[in-house]
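A.B. asks: Next comes the structure file entry18.cif, holding mmCIF, C-alpha atoms.
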data_data
#
loop_
_atom_site.label_atom_id
_atom_site.label_comp_id
_atom_site.auth_asym_id
_atom_site.auth_seq_id
_atom_site.Cartn_x
_atom_site.Cartn_y
_atom_site.Cartn_z
CA MET A 294 64.83 46.78 5.10
CA GLY A 295 68.32 45.76 4.06
CA LEU A 296 67.01 42.62 2.39
CA LEU A 297 64.37 44.60 0.48
CA PHE A 298 66.99 47.10 -0.62
CA LEU A 299 69.18 44.23 -1.82
CA PHE A 300 66.34 42.86 -3.95
CA ASP A 301 65.48 46.29 -5.34
CA TYR A 302 69.10 47.01 -6.18
CA SER A 303 69.57 43.57 -7.77
CA ILE A 304 66.51 43.95 -10.01
CA VAL A 305 67.58 47.41 -11.17
CA ALA A 306 71.20 46.32 -11.64
CA ILE A 307 70.28 43.23 -13.68
CA GLY A 308 67.92 45.29 -15.85
CA ALA A 309 70.58 47.97 -16.37
CA VAL A 310 73.22 45.40 -17.32
CA GLY A 311 70.80 43.78 -19.75
CA PHE A 312 69.95 47.02 -21.53
CA ALA A 313 73.57 48.17 -21.52
CA TYR A 314 74.54 44.91 -23.19
CA GLN A 315 71.74 45.39 -25.73
CA ALA A 316 73.10 48.85 -26.52
CA PHE A 317 76.61 47.44 -26.91
CA CYS A 318 75.37 44.73 -29.28
CA ILE A 319 73.45 47.28 -31.35
CA ILE A 320 76.56 49.40 -31.80
CA VAL A 321 78.71 46.39 -32.70
CA GLY A 322 76.07 44.95 -35.00
CA LEU A 323 75.45 48.18 -36.88
CA PHE A 324 78.99 49.49 -37.19
CA GLY A 325 81.25 46.45 -36.80
CA LYS A 326 82.59 44.38 -39.66
CA PRO A 327 80.53 41.17 -40.05
CA VAL A 328 82.26 37.81 -40.30
CA ILE A 329 82.56 36.68 -43.93
CA PHE A 330 82.92 32.99 -44.78
CA LEU A 331 84.82 31.76 -47.82
CA ASP A 332 83.52 29.34 -50.43
CA ALA A 333 83.90 25.70 -49.42
CA PRO A 334 83.50 22.31 -51.12
CA PRO A 335 80.24 20.50 -50.27
CA LYS A 336 80.02 18.19 -47.29
CA ASN A 337 77.54 15.45 -46.46
CA TYR A 338 74.70 16.67 -44.26
CA ALA A 339 71.56 15.13 -42.81
CA ILE A 340 68.57 17.44 -42.61
CA ILE A 341 66.58 16.58 -39.47
CA ILE A 342 62.87 17.44 -39.22
CA SER A 343 60.47 16.70 -36.38
CA ALA A 344 56.87 17.00 -37.59
CA ARG A 345 53.51 16.54 -35.92
CA ASN A 346 50.47 16.77 -38.20
CA GLU A 347 52.28 19.11 -40.60
CA SER A 348 50.68 17.97 -43.87
CA ALA A 349 49.61 21.56 -44.62
CA VAL A 350 53.17 22.91 -44.78
CA ILE A 351 55.87 20.25 -44.85
CA SER A 352 55.69 19.71 -48.62
CA HIS A 353 56.64 23.37 -49.11
CA LEU A 354 59.75 22.87 -46.95
CA LEU A 355 60.70 19.74 -48.89
CA GLU A 356 60.31 21.67 -52.16
CA SER A 357 62.46 24.44 -50.69
CA ILE A 358 65.17 21.90 -49.85
CA ALA A 359 64.98 20.34 -53.31
CA ASP A 360 65.35 23.81 -54.86
CA GLN A 361 68.65 24.54 -53.08
CA ASP A 362 71.70 25.46 -55.16
CA TYR A 363 73.62 22.90 -53.08
CA ASP A 364 74.51 19.54 -54.64
CA ALA A 365 71.63 17.23 -53.67
CA ASN A 366 73.98 14.22 -53.69
CA PHE A 367 75.41 15.51 -50.40
CA LEU A 368 72.02 15.84 -48.67
CA ASP A 369 69.59 13.41 -47.06
CA VAL A 370 66.32 14.36 -45.37
CA TRP A 371 65.28 12.47 -42.22
CA VAL A 372 61.82 13.03 -40.72
CA CYS A 373 60.24 11.90 -37.47
CA ALA A 374 56.47 11.92 -37.96
CA ASP A 375 55.71 12.33 -34.27
CA ASN A 376 52.27 11.24 -33.04
CA CYS A 377 50.71 12.15 -36.39
CA ASP A 378 47.17 11.28 -37.38
CA ASP A 379 47.40 12.83 -40.84
CA ASN A 380 49.44 11.94 -43.95
CA THR A 381 52.62 13.82 -42.98
CA ALA A 382 54.69 10.61 -43.13
CA GLN A 383 53.45 9.66 -46.60
CA ILE A 384 54.10 13.15 -47.98
CA CYS A 385 57.70 12.90 -46.80
CA ARG A 386 58.17 9.39 -48.15
CA ASP A 387 56.81 10.46 -51.53
CA ALA A 388 59.39 13.28 -51.54
CA GLY A 389 62.23 10.78 -50.98
CA ALA A 390 62.86 11.40 -47.28
CA PHE A 391 63.79 8.80 -44.69
CA VAL A 392 60.80 8.60 -42.34
CA VAL A 393 60.23 7.09 -38.92
CA GLU A 394 56.86 7.29 -37.24
CA ARG A 395 56.70 7.65 -33.48
CA PHE A 396 53.67 7.04 -31.27
CA ASN A 397 54.23 7.95 -27.63
CA LYS A 398 51.65 9.98 -25.71
CA GLN A 399 53.65 10.02 -22.47
CA LEU A 400 56.98 11.45 -23.64
CA VAL A 401 55.72 14.38 -25.69
CA GLY A 402 57.80 17.13 -27.25
CA LYS A 403 60.35 17.91 -29.90
CA GLY A 404 63.27 16.78 -27.76
CA TYR A 405 61.87 13.26 -27.44
CA SER A 406 61.07 13.20 -31.15
CA LEU A 407 64.65 14.12 -32.02
CA SER A 408 66.00 11.48 -29.63
CA TYR A 409 63.86 8.81 -31.26
CA LEU A 410 64.95 9.84 -34.74
CA PHE A 411 68.66 9.90 -33.88
CA ASP A 412 68.36 6.51 -32.15
CA ASN A 413 66.84 5.03 -35.30
CA MET A 414 69.54 6.60 -37.46
CA GLN A 415 72.33 5.25 -35.27
CA ASN A 416 70.83 1.78 -34.90
CA GLY A 417 69.88 1.50 -38.55
CA THR A 418 66.35 0.34 -37.71
CA PHE A 419 64.61 1.97 -40.66
CA GLY A 420 62.74 -0.50 -42.80
CA GLU A 421 62.15 -3.02 -39.97
CA SER A 422 58.43 -2.31 -39.55
CA GLU A 423 55.50 -1.00 -41.51
CA VAL A 424 55.85 2.51 -40.08
CA GLN A 425 59.60 2.91 -40.54
CA SER A 426 61.21 3.07 -43.95
CA GLY A 427 63.84 4.71 -46.06
CA PRO A 428 63.26 5.62 -49.68
CA ASP A 429 65.04 2.48 -50.91
CA ASN A 430 64.02 0.02 -48.14
CA MET A 431 67.66 -0.31 -47.17
CA THR A 432 68.97 -2.92 -44.76
CA LYS A 433 70.12 -2.05 -41.25
CA SER A 434 73.80 -2.14 -42.26
CA GLN A 435 73.11 0.09 -45.26
CA VAL A 436 71.33 2.65 -43.10
CA ARG A 437 74.19 2.63 -40.58
CA ALA A 438 76.75 3.10 -43.35
CA ARG A 439 74.75 6.01 -44.73
CA THR A 440 74.45 7.79 -41.39
CA ARG A 441 78.16 7.44 -40.67
CA LYS A 442 79.05 9.61 -43.63
CA TYR A 443 77.30 12.76 -42.36
CA GLU A 444 79.62 15.46 -41.11
CA ALA A 445 76.84 17.49 -39.50
CA PHE A 446 73.11 17.59 -38.84
CA LEU A 447 70.83 20.49 -39.79
CA ILE A 448 67.71 20.94 -37.63
CA LEU A 449 64.66 22.45 -39.35
CA ASP A 450 60.97 22.80 -38.48
CA ALA A 451 58.24 21.62 -40.81
CA ASP A 452 56.89 25.14 -41.39
CA ASN A 453 60.23 26.57 -42.56
CA LEU A 454 61.12 27.88 -46.00
CA LEU A 455 64.74 28.33 -47.09
CA GLU A 456 66.43 30.86 -49.31
CA LYS A 457 67.91 29.13 -52.35
CA ASN A 458 71.49 29.50 -51.07
CA TYR A 459 70.73 28.57 -47.46
CA ILE A 460 72.65 25.29 -47.23
CA THR A 461 75.52 26.65 -49.35
CA GLU A 462 75.97 29.49 -46.86
CA MET A 463 75.66 27.21 -43.83
CA ASN A 464 78.27 24.92 -45.39
CA LYS A 465 80.68 27.87 -45.65
CA ALA A 466 80.25 28.70 -41.97
CA PHE A 467 80.60 25.08 -40.86
CA SER A 468 83.64 24.53 -43.07
CA ALA A 469 85.27 27.59 -41.48
CA GLY A 470 85.60 25.62 -38.24
CA ASN A 471 82.32 26.33 -36.45
CA LYS A 472 81.10 23.06 -34.92
CA ILE A 473 77.67 24.62 -34.33
CA VAL A 474 76.10 27.21 -36.63
CA THR A 475 72.81 29.07 -36.33
CA SER A 476 71.24 31.16 -39.08
CA TYR A 477 69.17 34.27 -39.78
CA ARG A 478 65.55 33.66 -38.74
CA ASN A 479 62.99 35.61 -40.73
CA SER A 480 59.21 35.23 -40.89
CA LYS A 481 56.76 33.99 -43.52
CA ASN A 482 53.93 36.08 -42.07
CA PHE A 483 55.43 39.22 -40.57
CA SER A 484 52.47 41.33 -41.72
CA SER A 485 49.60 39.07 -40.60
CA ASN A 486 48.93 41.15 -37.46
CA TRP A 487 50.65 42.71 -34.44
CA ILE A 488 51.10 39.30 -32.78
CA SER A 489 52.94 37.65 -35.67
CA SER A 490 54.93 40.83 -36.29
CA GLY A 491 55.97 41.01 -32.63
CA SER A 492 57.30 37.46 -32.70
CA ALA A 493 58.94 37.97 -36.10
CA LEU A 494 60.60 41.22 -35.05
CA TRP A 495 61.90 39.53 -31.91
CA PHE A 496 63.69 36.86 -33.96
CA VAL A 497 65.02 39.34 -36.52
CA ARG A 498 66.41 41.42 -33.64
CA GLU A 499 68.05 38.33 -32.15
CA SER A 500 69.65 37.45 -35.47
CA ARG A 501 70.83 40.89 -36.56
CA LEU A 502 71.60 42.64 -33.29
CA LEU A 503 72.50 39.83 -30.90
CA ASN A 504 73.91 36.75 -32.63
CA ASN A 505 75.56 38.85 -35.31
CA SER A 506 77.28 40.94 -32.64
CA ARG A 507 78.29 37.93 -30.59
CA MET A 508 79.90 36.41 -33.65
CA MET A 509 81.88 39.59 -34.28
CA ILE A 510 83.32 39.73 -30.76
CA GLY A 511 84.05 35.99 -30.59
CA ALA A 512 81.36 35.07 -28.06
CA SER A 513 78.95 32.16 -28.37
CA CYS A 514 75.57 32.72 -29.99
CA HIS A 515 72.49 30.70 -29.05
CA VAL A 516 70.32 28.54 -31.26
CA GLY A 517 66.66 29.36 -31.65
CA GLY A 518 64.73 26.14 -32.12
CA THR A 519 65.23 25.82 -35.85
CA GLY A 520 67.81 26.64 -38.49
CA PHE A 521 70.93 25.36 -36.77
CA MET A 522 73.62 22.83 -37.62
CA PHE A 523 75.93 20.84 -35.36
CA ALA A 524 78.88 18.57 -36.02
CA ARG A 525 78.83 14.80 -35.88
CA SER A 526 81.28 14.91 -32.97
CA ILE A 527 78.68 16.65 -30.81
CA MET A 528 76.04 14.06 -31.73
CA GLU A 529 78.45 11.30 -30.79
CA ARG A 530 79.39 13.01 -27.51
CA ASN A 531 75.71 13.23 -26.61
CA ASN A 532 74.96 9.76 -28.02
CA GLY A 533 72.23 11.25 -30.19
CA TRP A 534 69.94 13.93 -28.78
CA LYS A 535 69.70 14.14 -24.97
CA HIS A 536 67.84 17.42 -24.40
CA HIS A 537 64.20 17.12 -23.34
CA LEU A 538 63.30 20.30 -21.44
CA LEU A 539 60.50 22.52 -22.77
CA THR A 540 63.13 24.66 -24.52
CA GLU A 541 65.39 21.92 -25.82
CA ASP A 542 67.19 24.36 -28.13
CA LEU A 543 68.27 26.57 -25.22
CA GLU A 544 69.27 23.52 -23.21
CA PHE A 545 71.38 22.34 -26.16
CA THR A 546 73.11 25.74 -26.30
CA MET A 547 73.97 25.78 -22.58
CA ASP A 548 75.24 22.21 -22.63
CA CYS A 549 77.50 22.93 -25.62
CA VAL A 550 78.93 26.10 -24.07
CA LEU A 551 79.63 24.29 -20.80
CA ASN A 552 81.49 21.67 -22.85
CA GLY A 553 83.68 24.36 -24.38
CA ASP A 554 81.91 24.77 -27.73
CA LYS A 555 80.79 28.05 -29.25
CA VAL A 556 77.73 28.55 -31.41
CA GLY A 557 78.61 30.42 -34.60
CA TYR A 558 76.28 32.59 -36.65
CA CYS A 559 75.77 32.74 -40.42
CA GLY A 560 73.79 35.86 -41.31
CA THR A 561 73.84 35.07 -45.03
CA ALA A 562 71.80 31.87 -44.50
CA MET A 563 68.17 32.92 -44.16
CA LEU A 564 65.11 30.86 -43.37
CA TYR A 565 61.48 31.83 -42.87
CA ASP A 566 59.11 30.30 -40.34
CA GLU A 567 55.48 30.82 -39.46
CA GLN A 568 54.56 32.88 -36.39
CA PRO A 569 51.35 32.49 -34.33
CA ILE A 570 48.55 34.83 -35.40
CA THR A 571 46.24 34.59 -32.38
CA PHE A 572 47.07 35.78 -28.89
CA SER A 573 46.01 32.44 -27.40
CA GLN A 574 48.51 30.60 -29.62
CA SER A 575 51.22 33.14 -28.85
CA TRP A 576 50.45 32.95 -25.12
CA ARG A 577 50.67 29.14 -25.13
CA GLN A 578 53.92 29.16 -27.09
CA ARG A 579 55.59 31.82 -24.96
CA LEU A 580 54.32 30.24 -21.74
CA ARG A 581 56.17 27.08 -22.76
CA TRP A 582 59.27 29.13 -23.55
CA SER A 583 59.09 30.98 -20.22
CA LYS A 584 58.72 27.76 -18.27
CA GLY A 585 61.56 26.29 -20.32
CA PHE A 586 63.79 29.25 -19.44
CA LEU A 587 63.11 28.58 -15.75
CA GLN A 588 63.99 24.91 -16.24
CA VAL A 589 67.19 25.76 -18.08
CA PHE A 590 68.27 28.29 -15.45
CA ARG A 591 67.60 25.80 -12.66
CA ASN A 592 69.64 23.08 -14.40
CA TYR A 593 72.39 25.16 -16.01
CA GLY A 594 72.44 28.61 -14.39
CA PRO A 595 74.68 27.73 -11.41
CA LYS A 596 77.11 25.85 -13.71
CA LEU A 597 77.30 28.81 -16.10
CA ILE A 598 77.92 31.26 -13.25
CA LYS A 599 80.59 28.99 -11.76
CA LYS A 600 82.38 28.61 -15.08
CA ALA A 601 82.13 32.35 -15.78
CA PHE A 602 83.95 33.13 -12.52
CA GLN A 603 86.46 30.28 -12.81
CA THR A 604 87.46 30.84 -16.43
CA GLY A 605 86.34 34.39 -17.17
CA SER A 606 84.12 33.08 -19.97
CA PHE A 607 82.18 35.99 -21.44
CA SER A 608 79.87 33.53 -23.22
CA CYS A 609 78.86 31.95 -19.91
CA LEU A 610 78.18 35.38 -18.41
CA ASP A 611 76.25 36.52 -21.46
CA LEU A 612 74.06 33.42 -21.54
CA THR A 613 73.45 33.63 -17.79
CA ILE A 614 71.99 37.11 -18.31
CA LEU A 615 69.92 35.73 -21.20
CA ILE A 616 68.21 33.06 -19.08
CA PHE A 617 68.14 34.89 -15.72
CA PRO A 618 64.58 34.70 -14.25
CA TRP A 619 64.19 38.36 -13.28
CA VAL A 620 60.38 38.04 -12.99
CA PHE A 621 60.90 35.27 -10.44
CA LEU A 622 63.18 37.63 -8.51
CA GLU A 623 60.45 40.28 -8.54
CA VAL A 624 57.86 37.79 -7.27
CA ILE A 625 60.13 36.94 -4.32
CA ARG A 626 60.62 40.67 -3.70
CA ILE A 627 56.87 41.31 -3.57
CA PHE A 628 56.32 38.29 -1.33
CA ILE A 629 58.97 39.39 1.19
CA GLY A 630 57.63 42.96 1.11
CA SER A 631 54.15 41.65 1.95
CA ILE A 632 55.52 39.69 4.92
CA TYR A 633 57.38 42.79 6.15
CA ILE A 634 54.14 44.79 5.96
CA ALA A 635 52.25 42.11 7.93
CA LEU A 636 54.96 42.09 10.62
CA GLY A 637 55.01 45.86 10.80
CA PHE A 638 58.62 46.21 9.68
CA VAL A 639 57.74 48.55 6.81
CA SER A 640 54.75 50.69 5.92
CA PRO A 641 52.34 49.87 3.09
CA GLN A 642 53.09 53.28 1.59
CA SER A 643 56.81 52.54 1.31
CA GLN A 644 56.10 49.30 -0.53
CA PHE A 645 53.60 51.03 -2.78
CA ASN A 646 56.32 53.56 -3.64
CA SER A 647 58.72 50.72 -4.43
CA LEU A 648 56.17 49.05 -6.71
CA THR A 649 55.53 52.41 -8.41
CA GLN A 650 59.24 52.81 -9.06
CA MET A 651 59.33 49.25 -10.43
CA GLY A 652 56.43 50.12 -12.74
CA MET A 653 58.20 53.24 -13.99
CA THR A 654 61.29 51.15 -14.69
CA ILE A 655 59.17 48.77 -16.75
CA LEU A 656 57.67 51.68 -18.71
CA SER A 657 61.17 53.00 -19.36
CA GLY A 658 62.10 49.57 -20.61
CA GLY A 659 59.15 49.69 -22.98
CA ALA A 660 60.44 52.96 -24.43
CA LEU A 661 63.86 51.39 -24.95
CA LEU A 662 62.24 48.41 -26.64
CA LEU A 663 60.56 50.79 -29.05
CA ILE A 664 63.95 52.27 -29.93
CA ILE A 665 65.46 48.80 -30.41
CA ALA A 666 62.54 47.77 -32.64
CA CYS A 667 62.94 50.95 -34.69
CA ILE A 668 66.66 50.30 -35.19
CA THR A 669 65.92 46.69 -36.19
CA ILE A 670 63.32 47.73 -38.76
CA ILE A 671 65.53 50.44 -40.27
CA SER A 672 68.56 48.16 -40.55
CA GLU A 673 66.60 45.14 -41.86
CA ARG A 674 63.90 46.88 -43.89
CA LYS A 675 64.77 45.13 -47.15
CA LYS A 676 64.49 41.70 -45.54
CA ILE A 677 61.15 42.20 -43.81
CA GLY A 678 57.98 41.28 -45.68
CA ALA A 679 55.73 44.21 -44.78
CA SER A 680 54.72 47.58 -46.17
CA ARG A 681 55.82 50.89 -44.62
CA SER A 682 52.41 51.51 -43.07
CA GLU A 683 52.36 48.00 -41.59
CA LEU A 684 55.86 48.43 -40.20
CA LEU A 685 54.87 51.69 -38.51
CA ALA A 686 51.81 50.13 -36.92
CA TYR A 687 53.66 47.03 -35.75
CA LEU A 688 56.55 49.10 -34.48
CA MET A 689 54.21 50.88 -32.07
CA ALA A 690 52.75 47.53 -30.94
CA PHE A 691 56.11 45.84 -30.35
CA PRO A 692 56.58 47.08 -26.74
CA LEU A 693 53.10 45.75 -25.91
CA TYR A 694 54.05 42.37 -27.35
CA VAL A 695 57.28 42.20 -25.35
CA LEU A 696 55.75 43.53 -22.11
CA SER A 697 53.08 40.84 -22.32
CA TYR A 698 55.94 38.50 -21.41
CA ILE A 699 55.64 39.82 -17.84
CA PRO A 700 52.28 38.19 -17.04
CA ILE A 701 53.29 35.16 -19.11
CA SER A 702 56.49 34.76 -17.10
CA PHE A 703 54.53 35.25 -13.88
CA VAL A 704 52.06 32.51 -14.79
CA ALA A 705 54.93 30.21 -15.84
CA ILE A 706 56.33 30.30 -12.29
CA PHE A 707 53.19 28.83 -10.74
CA SER A 708 51.68 26.70 -13.51
CA LYS A 709 52.40 23.25 -14.87
CA VAL A 710 53.24 23.65 -18.55
CA GLU A 711 53.24 20.84 -21.08
CA TRP A 712 54.51 20.81 -24.64
CA LYS A 713 51.71 21.38 -27.15
CA PRO A 714 52.10 21.81 -30.92
CA ILE A 715 51.33 25.07 -32.72
CA LYS A 716 49.15 24.50 -35.76
CA HIS A 717 50.67 25.71 -39.03
CA GLY A 718 48.89 26.29 -42.30
CA LEU A 719 50.12 29.41 -44.09
CA SER A 720 49.97 29.23 -47.88
CA ALA A 721 53.38 28.78 -49.45
CA ASP A 722 52.49 31.24 -52.21
CA THR A 723 51.55 33.87 -49.62
CA ALA A 724 54.76 33.19 -47.72
CA LYS A 725 56.92 33.62 -50.78
CA ASP A 726 55.09 36.72 -51.95
CA LYS A 727 55.25 38.39 -48.56
CA ALA A 728 58.56 37.16 -47.22
CA ILE A 729 60.96 36.02 -49.91
CA LYS A 730 59.92 38.80 -52.27
CA GLY A 731 60.05 41.32 -49.45
CA GLY A 732 56.38 42.25 -49.49
CA LYS A 733 56.78 44.50 -52.49
#
Let's see the structure in the file written out as structure tokens.
C.D. replies:
Amino acid sequence: MGLLFLFDYSIVAIGAVGFAYQAFCIIVGLFGKPVIFLDAPPKNYAIIISARNESAVISHLLESIADQDYDANFLDVWVCADNCDDNTAQICRDAGAFVVERFNKQLVGKGYSLSYLFDNMQNGTFGESEVQSGPDNMTKSQVRARTRKYEAFLILDADNLLEKNYITEMNKAFSAGNKIVTSYRNSKNFSSNWISSGSALWFVRESRLLNNSRMMIGASCHVGGTGFMFARSIMERNNGWKHHLLTEDLEFTMDCVLNGDKVGYCGTAMLYDEQPITFSQSWRQRLRWSKGFLQVFRNYGPKLIKKAFQTGSFSCLDLTILIFPWVFLEVIRIFIGSIYIALGFVSPQSQFNSLTQMGMTILSGGALLLIIACITIISERKKIGASRSELLAYLMAFPLYVLSYIPISFVAIFSKVEWKPIKHGLSADTAKDKAIKGGK
């Protein structure tokens, strides 16, 4: 009984701490003074894009980059066309990007694609085969000289669109001394349906009410897959890109924090990406994320906890809570309770009562999620591309979207999950009308 009580108490305590921290971040984010970055002279940046069969959308991103108010002489675009069987590589070459094509069906995923691209950049091997070339067919020494000038690397996804001042704002934050900077993540298709809106609202909440608050109190933020920049010194420390778990972005965050770096946040740099519109796509994507969270906790959780206790690092404690596998803890609790019933140590009724209480806690969490979603929509209304009626409908559906993580997380514990691409294809005109123009 004592062991069951310990599990029950731990689950409730972790949930309470998580929601209390959410409430704290909401208060700080809504009423605190955001960090403002001063104007800064331009620096040399490499824009890094991993793309797999993205011919439907990548040209819109490249146009968005070309339309920046940042001096184009300080920017280069580098693309890894990863296992593509369309004309993604040619589209990028025609737009003036450095392109390397990768064909590897065994090591699949964005992390491996980024590693391959960084290796080619460092070794200067562009232009040495038919599938690898820079826009000017430069020699190996010329490519190496070019890559040495970059002060930081900006990671983007092929389906992204950027506000016109995106790189200017990121440059301000980086120039202020932040070795790693993440940005505001908005959505191209918030109003497609309740699935896309749920994902979009999740990322807006993370940007506005979590990373924004962390930045204000001096804690580390976390990067979210796309729209983040890191200094050359970090690339050199890692000898390129070394993160290959299913959630390579989260792994990158934990590794940086353990090495003493903080992730900064620039709320004035906004990008838009495309969210899944079918439940099967969303399920597959979030299943990969859930499995990736388990991998990251297994590899980095003990180190974060140890450093949090040794140094008092709030960032390590915060990120431990972020990746803590509470569903896994509940599965163990149910398993032990079943064994206790079989051995006659506890009654089935007592365990049914415990599961009922757990269910009520989850329902209470759903109500709190509705409040958080409402606060997010009210505070970010002008930035969200949806009408009032759509926002009301998607607000009511948001708890359902988040609670669907419970079965997804449960399946992730027992299933083998592999990285699979999400197909993108949203019209750029639709994206700009709905997102950049605010859905008006």
A.B. asks: Quick one: of A:Ala469, A:Ile598, A:Val497, A:Ala313, who's nearest to Leu564 in chain A, counting only C-alpha atoms?
C.D. replies: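 Distance minimum relative to Leu564 in chain A lands on A:Val497.
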A.B. asks: When the PyMOL selection byres ((chain A and resi 388-397) around 8) is applied to the structure above, which residues does it catch, written out as an mmCIF file with C-alpha atoms, keeping the file's coordinate frame?
C.D. replies:
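selection-v4.cif was written with the following content:
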data_model
loop_
_atom_site.group_PDB
_atom_site.id
_atom_site.type_symbol
_atom_site.label_atom_id
_atom_site.label_comp_id
_atom_site.auth_asym_id
_atom_site.auth_seq_id
_atom_site.Cartn_x
_atom_site.Cartn_y
_atom_site.Cartn_z
ATOM 1 C CA SER A 352 55.690 19.710 -48.620
ATOM 2 C CA LEU A 355 60.700 19.740 -48.890
ATOM 3 C CA ASP A 369 69.590 13.410 -47.060
ATOM 4 C CA VAL A 370 66.320 14.360 -45.370
ATOM 5 C CA TRP A 371 65.280 12.470 -42.220
ATOM 6 C CA VAL A 372 61.820 13.030 -40.720
ATOM 7 C CA CYS A 373 60.240 11.900 -37.470
ATOM 8 C CA ALA A 374 56.470 11.920 -37.960
ATOM 9 C CA ASP A 375 55.710 12.330 -34.270
ATOM 10 C CA ASN A 376 52.270 11.240 -33.040
ATOM 11 C CA CYS A 377 50.710 12.150 -36.390
ATOM 12 C CA ALA A 382 54.690 10.610 -43.130
ATOM 13 C CA ILE A 384 54.100 13.150 -47.980
ATOM 14 C CA CYS A 385 57.700 12.900 -46.800
ATOM 15 C CA ARG A 386 58.170 9.390 -48.150
ATOM 16 C CA ASP A 387 56.810 10.460 -51.530
ATOM 17 C CA LYS A 398 51.650 9.980 -25.710
ATOM 18 C CA GLN A 399 53.650 10.020 -22.470
ATOM 19 C CA LEU A 400 56.980 11.450 -23.640
ATOM 20 C CA VAL A 401 55.720 14.380 -25.690
ATOM 21 C CA SER A 406 61.070 13.200 -31.150
ATOM 22 C CA TYR A 409 63.860 8.810 -31.260
ATOM 23 C CA LEU A 410 64.950 9.840 -34.740
ATOM 24 C CA ASN A 413 66.840 5.030 -35.300
ATOM 25 C CA PHE A 419 64.610 1.970 -40.660
ATOM 26 C CA VAL A 424 55.850 2.510 -40.080
ATOM 27 C CA GLN A 425 59.600 2.910 -40.540
ATOM 28 C CA SER A 426 61.210 3.070 -43.950
ATOM 29 C CA GLY A 427 63.840 4.710 -46.060
ATOM 30 C CA PRO A 428 63.260 5.620 -49.680
#
A.B. asks: Could you tell me how far CA of Thr546 in chain A sits from CA of Gly533 in chain A, in Å to one decimal place?
C.D. replies: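 For CA of Gly533 in chain A relative to CA of Thr546 in chain A, the distance reads 15.0 Å.
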A.B. asks: Point out the residue among A:Ile340, A:Cys318, A:Ala333, A:Leu622 with the least atom-to-atom distance to Ala359 in chain A, counting only C-alpha atoms.
C.D. replies: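 The closest residue to Ala359 in chain A is A:Ile340.
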A.B. asks: Which residues are close to Phe590 in chain A, i.e. within 7 Å by all atoms listed in the file, leaving aside same-chain residues fewer than 3 positions away? Reply as a short mmCIF file (atom, residue, chain, number, x, y, z; two decimals) with C-alpha atoms, keeping the file's coordinate frame.
C.D. replies:
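Final output, saved to out_35.cif:
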data_model
loop_
_atom_site.label_atom_id
_atom_site.label_comp_id
_atom_site.auth_asym_id
_atom_site.auth_seq_id
_atom_site.Cartn_x
_atom_site.Cartn_y
_atom_site.Cartn_z
CA PHE A 586 63.79 29.25 -19.44
CA LEU A 587 63.11 28.58 -15.75
CA TYR A 593 72.39 25.16 -16.01
CA GLY A 594 72.44 28.61 -14.39
CA ILE A 616 68.21 33.06 -19.08
CA PHE A 617 68.14 34.89 -15.72
#
A.B. asks: Which is closer to Glu711 in chain A than all the others in A:Ala690, A:Leu580, A:Ile632, A:Leu494, using all atoms listed in the file?
C.D. replies: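 With all atoms listed in the file as the atom set, the closest residue is A:Leu580.
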A.B. asks: Evaluate the PyMOL selection byres ((chain A and resi 473) around 8) against this structure - the residues, as a PyMOL selection string, please.
C.D. replies: chain A and resi 467+471-472+474-475+521-524+554-557
A.B. asks: With all atoms listed in the file as the basis for distance, which of A:Leu615, A:Trp576, A:Gln642, A:Ala601 is at the shortest distance from Pro700 in chain A?
C.D. replies: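 With all atoms listed in the file as the atom set, the closest residue is A:Trp576.
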A.B. asks: Using the chain letters and numbers from this file, what does the PyMOL selection byres ((chain A and resi 513) around 9) select? Give the answer as a PyMOL selection string.
C.D. replies: chain A and resi 504+507-508+511-512+514-515+546+550+554-558+607-609+611-612
A.B. asks: To one decimal place in Å, what is the distance between CA of Arg525 in chain A and CA of Phe330 in chain A?
C.D. replies: 20.7 Å
A.B. asks: Between A:Val695, A:Asp362, A:Asp450, A:Gln574, which has the minimum distance to Leu661 in chain A (counting all atoms listed in the file)?
C.D. replies: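 Smallest distance to Leu661 in chain A is found for A:Val695.
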A.B. asks: What is the CA of Ser575 in chain A-CA of Asn486 in chain A distance in Å, reported with one decimal?
C.D. replies: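 The value is 12.0 Å.
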